[in-house]
Amino acid sequence: MLTIPRAWREKPQRYLFKGGKCKDCGFVTYPARKVCPKCHSENIETVDLPREGKIITYTIVYSAPEGFGDFSPYPLAIVELTNGARLMLQIVDTDLDKVQIGEKVNVVFRRLLVEGNAGIIIYGPKATVVEDK
Amino acid sequence: MVGIAGYGCYVPKRRIKVEEIAAQWGEDGEVMKKNLLVREKTVPAKDEDSVTIAYEAARNALKRAEIDPKEIGAVYIGSESKPYAVKPSATIVADALDITPEAHVADYEFACKAGSETVFVVYGLVKAGEIKYGLGIGSDTSQGAPKDPLEYTAAAGGAAFIMGNDNVLAEVIATYSYTTDTPDFWRRDGQPYPTHTGPFTGKPAYFHHVINSAKKVMEIAGVTPKDITYCVFHQPNGAFPLRASKMLGFTKEQFEPGWVAPYIGNTYSGCSLLGLASVLDVAKAGDTILVTSFGSGAGSDSFIFKVTDRLEKVRNNAPLLKDYAERKKYINYATYAFLRGKIKMREG
């Protein structure tokens with residue numbers, strides 16, 4: 001479980017979906033990092049990330065860790081946002097057979113972790129596969 | 001001109017049909033549908049609550065308002081399904097929308113009219129010149145005890161309204177609030193499900209407040225039902241608002257665009273505001289809209305709006321209620337009971 005101070009500190013990435021963009025090479029990360037993992041520059045700016053992307057790869061979790069038992073089996077995907085940033089997101093509101101590589105997704109705001117019946121509720125991003133109309 | 005600068009809605013994807021609930025309890029589904037005039041209702045996912053619903057609705061309202069979130073000076077959420085008994089929901093939504101820290105933020109409660117209450121108050125603050133824009137949200141994951149008539153209708157959803165004094169898509173023409181202490185429905189602290197008084201929720205509660213409030217606001221505005229393009233009433237089921245509309249002399253054409261309970265259910269604090277969102281999804285410049293909410297306990301807020309030509313310019317900035325309503329997955333009673341916490345699960 002996340003500690004409350006850590007969850008509070010991570011609000012920019014969880015609530016506002018902020019990432020970091022390297023001003024030298026343009027590489028975008030989620031969450032923002034102090035050092036660019038590509039060119040090692042420390043010249044990083046905070047940016048709003050787009051809430052649209054596609055599935056790069058995924059797995060289906062059948063044996064869920066503590067706190068996720070209610071969701072199993074559930075898909076966990078590496079999503080590439082439209083600006084190239086990649087991050088891992090739980091896929092929700094989507095039948096398992098609709099979770100496929102290349103499928104378009106939208107980022108949504110959901111409960112991420114719930115500390116029992118008396119603890120804190122942590123909110124943040126998950127994703128849902130875009131349905132054809 | 002003070003009015004609605006942006007609006008948005010959200011309802012969860014899952015649905016349960018009335019006949020599925022009726023079959024669980026040995027009731028006749030067709031009779032229940034006919035009596036309630038509700039076919040199905042929305043059900044929240046395990047990771048959805050009144051905060052996540054309020055957030056999605058408010059994001060949609062911001063897309064239509066086309067303003068900087070920092071210009072919003074007040075954020076209020078009305079709900080009777082707050083995730084925390086003590087800790088505001090509205091701080092989460094205001095923070096997540098980048099509105100904080102310079103805003104007045106609070107949670108409201110008045111049974112099913114808590115949502116319209118927030119709109120009423122932010123409208124007043126804008127009109128008084130205290131804030132430039134204010135965000136009022138009604139959002140609920142409504143509770144209904146197993147086998148109770150409420151279980152057929154208690155649904156999840158919400159709508160958000162940004163009130164402002166420029167660039168409005170609908171101007172406020174008149175407001176009115178009618179309140180008495182009438183104990184028709186309540187939930188005591190610590191109780192998982194509300195208690196209601198059956199038929200007493202009708203004539204002395206819902207109809208008395210809704211009819212008086214709607215009549216008076218029309219009198220204040222100097223209009224009659226013939227001058228109103230669309231009417232919206234609180235929808236604890238499909239039947240009550242239909243009867244109220246007939247008692248006031250409204251036609252099917254005026255009533256049906258805002259009649260969302262038959263396919264959404266009763267979203268408690270979100271209910272009348274979702275009806276208004278549904279009407280704004282189809283209204284044209286010059287149309288006049290009457291909205292009358294109802295909250296048990298009991299009271300009714302009424303508004304009369306006049307649509308401006310800005311509505312059609314920003315309507316498609318965000319999903320319509322129809323878009324959410326058509327995106328659905330039906331579930332059975334067992335899944336519904338699990339999602340609503342009616343089955344005792346092992347922790348973890």
# chains A, B, ... in the order shown; residues from 1 in each chain; ligands from 1
call {"tool": "residues_around", "arguments": {"residues": "Met163 in chain B", "least_positions_apart": "5", "cutoff": "12 Å", "atoms": "only C-alpha atoms", "output": "count of residues only"}}
result
43
call {"tool": "select_by_dssp", "arguments": {"residues": "range 141-202 of chain B", "states": "strand (DSSP E)", "output": "ChimeraX atom specification"}}
result
/B:141,156-164,170-182,185-186,195-196
call {"tool": "interface_residues", "arguments": {"of": "chain B", "to": "chain A", "cutoff": "6 Å", "atoms": "only C-alpha atoms", "output": "list in words"}}
result
Asp47, Glu48, Thr52, Ala96 and Gly348 of chain B
call {"tool": "residues_around", "arguments": {"residues": "Thr59 in chain A", "least_positions_apart": "6", "cutoff": "12 Å", "atoms": "only C-alpha atoms", "output": "list in words"}}
result
Ser72, Pro73, Tyr74, Pro75, Leu76, Ala77, Ile78, Val79, Met88, Leu89, Gln90, Ile91, Leu96, Asp97, Val99, Gln100 and Ile101 of chain A
call {"tool": "write_last_selection", "arguments": {"atoms": "N, CA and C atoms", "output": "PDB file, in the first residue's frame"}}
result
ATOM      1  N   SER A  72     -10.129  -9.066 -10.451  1.00  0.00           N
ATOM      2  CA  SER A  72      -9.580 -10.167 -11.242  1.00  0.00           C
ATOM      3  C   SER A  72     -10.693 -11.003 -11.872  1.00  0.00           C
ATOM      4  N   PRO A  73     -10.481 -11.514 -13.093  1.00  0.00           N
ATOM      5  CA  PRO A  73      -9.304 -11.224 -13.928  1.00  0.00           C
ATOM      6  C   PRO A  73      -9.422  -9.836 -14.555  1.00  0.00           C
ATOM      7  N   TYR A  74      -8.303  -9.134 -14.588  1.00  0.00           N
ATOM      8  CA  TYR A  74      -8.340  -7.784 -15.160  1.00  0.00           C
ATOM      9  C   TYR A  74      -7.126  -7.540 -16.059  1.00  0.00           C
ATOM     10  N   PRO A  75      -7.292  -6.718 -17.096  1.00  0.00           N
ATOM     11  CA  PRO A  75      -6.177  -6.429 -18.011  1.00  0.00           C
ATOM     12  C   PRO A  75      -5.303  -5.293 -17.478  1.00  0.00           C
ATOM     13  N   LEU A  76      -4.018  -5.462 -17.662  1.00  0.00           N
ATOM     14  CA  LEU A  76      -3.039  -4.436 -17.317  1.00  0.00           C
ATOM     15  C   LEU A  76      -2.251  -4.199 -18.610  1.00  0.00           C
ATOM     16  N   ALA A  77      -2.178  -2.954 -19.070  1.00  0.00           N
ATOM     17  CA  ALA A  77      -1.607  -2.703 -20.400  1.00  0.00           C
ATOM     18  C   ALA A  77      -0.507  -1.647 -20.357  1.00  0.00           C
ATOM     19  N   ILE A  78       0.441  -1.793 -21.267  1.00  0.00           N
ATOM     20  CA  ILE A  78       1.348  -0.685 -21.555  1.00  0.00           C
ATOM     21  C   ILE A  78       0.643   0.141 -22.628  1.00  0.00           C
ATOM     22  N   VAL A  79       0.367   1.390 -22.301  1.00  0.00           N
ATOM     23  CA  VAL A  79      -0.352   2.285 -23.206  1.00  0.00           C
ATOM     24  C   VAL A  79       0.608   3.347 -23.722  1.00  0.00           C
ATOM     25  N   MET A  88       1.935   2.218 -17.681  1.00  0.00           N
ATOM     26  CA  MET A  88       1.132   1.036 -17.424  1.00  0.00           C
ATOM     27  C   MET A  88      -0.194   1.458 -16.792  1.00  0.00           C
ATOM     28  N   LEU A  89      -1.294   0.965 -17.346  1.00  0.00           N
ATOM     29  CA  LEU A  89      -2.618   1.323 -16.826  1.00  0.00           C
ATOM     30  C   LEU A  89      -3.509   0.091 -16.748  1.00  0.00           C
ATOM     31  N   GLN A  90      -4.340   0.045 -15.735  1.00  0.00           N
ATOM     32  CA  GLN A  90      -5.376  -0.977 -15.676  1.00  0.00           C
ATOM     33  C   GLN A  90      -6.459  -0.617 -16.689  1.00  0.00           C
ATOM     34  N   ILE A  91      -6.912  -1.604 -17.455  1.00  0.00           N
ATOM     35  CA  ILE A  91      -7.986  -1.366 -18.427  1.00  0.00           C
ATOM     36  C   ILE A  91      -9.306  -1.743 -17.758  1.00  0.00           C
ATOM     37  N   LEU A  96     -12.729  -8.723 -21.789  1.00  0.00           N
ATOM     38  CA  LEU A  96     -11.335  -9.165 -21.974  1.00  0.00           C
ATOM     39  C   LEU A  96     -10.995  -9.396 -23.455  1.00  0.00           C
ATOM     40  N   ASP A  97     -11.966  -9.898 -24.235  1.00  0.00           N
ATOM     41  CA  ASP A  97     -11.645 -10.172 -25.649  1.00  0.00           C
ATOM     42  C   ASP A  97     -11.527  -8.902 -26.488  1.00  0.00           C
ATOM     43  N   VAL A  99      -9.696  -6.373 -25.401  1.00  0.00           N
ATOM     44  CA  VAL A  99      -8.382  -5.804 -25.075  1.00  0.00           C
ATOM     45  C   VAL A  99      -7.372  -6.429 -26.034  1.00  0.00           C
ATOM     46  N   GLN A 100      -6.931  -5.633 -26.989  1.00  0.00           N
ATOM     47  CA  GLN A 100      -6.034  -6.135 -28.043  1.00  0.00           C
ATOM     48  C   GLN A 100      -4.943  -5.109 -28.295  1.00  0.00           C
ATOM     49  N   ILE A 101      -3.782  -5.595 -28.763  1.00  0.00           N
ATOM     50  CA  ILE A 101      -2.694  -4.684 -29.128  1.00  0.00           C
ATOM     51  C   ILE A 101      -3.183  -3.758 -30.251  1.00  0.00           C
TER      52      ILE A 101
END
call {"tool": "residues_around", "arguments": {"residues": "range 32-38 of chain B", "least_positions_apart": "3", "cutoff": "6 Å", "atoms": "only C-alpha atoms", "output": "number ranges by chain"}}
result
B: 29, 237-239, 262
call {"tool": "write_last_selection", "arguments": {"atoms": "C-alpha atoms", "output": "PDB file, in the first residue's frame"}}
result
ATOM      1  CA  GLY B  29     -40.887  -7.764 -13.966  1.00  0.00           C
ATOM      2  CA  ASN B 237     -38.958   6.633 -10.990  1.00  0.00           C
ATOM      3  CA  GLY B 238     -40.480   7.247 -14.396  1.00  0.00           C
ATOM      4  CA  ALA B 239     -44.059   7.610 -13.156  1.00  0.00           C
ATOM      5  CA  PRO B 262     -36.771   5.002 -17.794  1.00  0.00           C
TER       6      PRO B 262
END
call {"tool": "select_by_dssp", "arguments": {"residues": "chain A", "states": "helix (DSSP H, G or I)", "output": "list of chain:residue names"}}
result
A:Ile4, A:Pro5, A:Arg6, A:Ala7, A:Trp8, A:Arg9, A:Lys11, A:Pro12, A:Gln13, A:Arg14, A:Gly69, A:Asp70, A:Phe71, A:Leu96, A:Asp97, A:Lys98
call {"tool": "closest_residue", "arguments": {"among": "B:Lys342, B:Lys284, B:Lys215, B:His104", "to": "Val307 in chain B", "atoms": "only C-alpha atoms"}}
result
B:Lys284
call {"tool": "residues_around", "arguments": {"residues": "Ser142 in chain B", "least_positions_apart": "3", "cutoff": "6 Å", "atoms": "only C-alpha atoms", "output": "PyMOL selection string"}}
result
chain B and resi 154-156
call {"tool": "write_last_selection", "arguments": {"atoms": "N, CA and C atoms", "output": "tab-separated table (two decimals), in the first residue's frame"}}
result
chain	number	residue	atom	x	y	z
B	154	ALA	N	-32.69	2.67	-7.90
B	154	ALA	CA	-31.51	3.38	-7.38
B	154	ALA	C	-30.30	3.15	-8.28
B	155	ALA	N	-29.84	4.21	-8.95
B	155	ALA	CA	-28.85	4.08	-10.01
B	155	ALA	C	-27.64	4.98	-9.73
B	156	ALA	N	-26.73	5.05	-10.69
B	156	ALA	CA	-25.51	5.85	-10.51
B	156	ALA	C	-25.32	6.79	-11.70
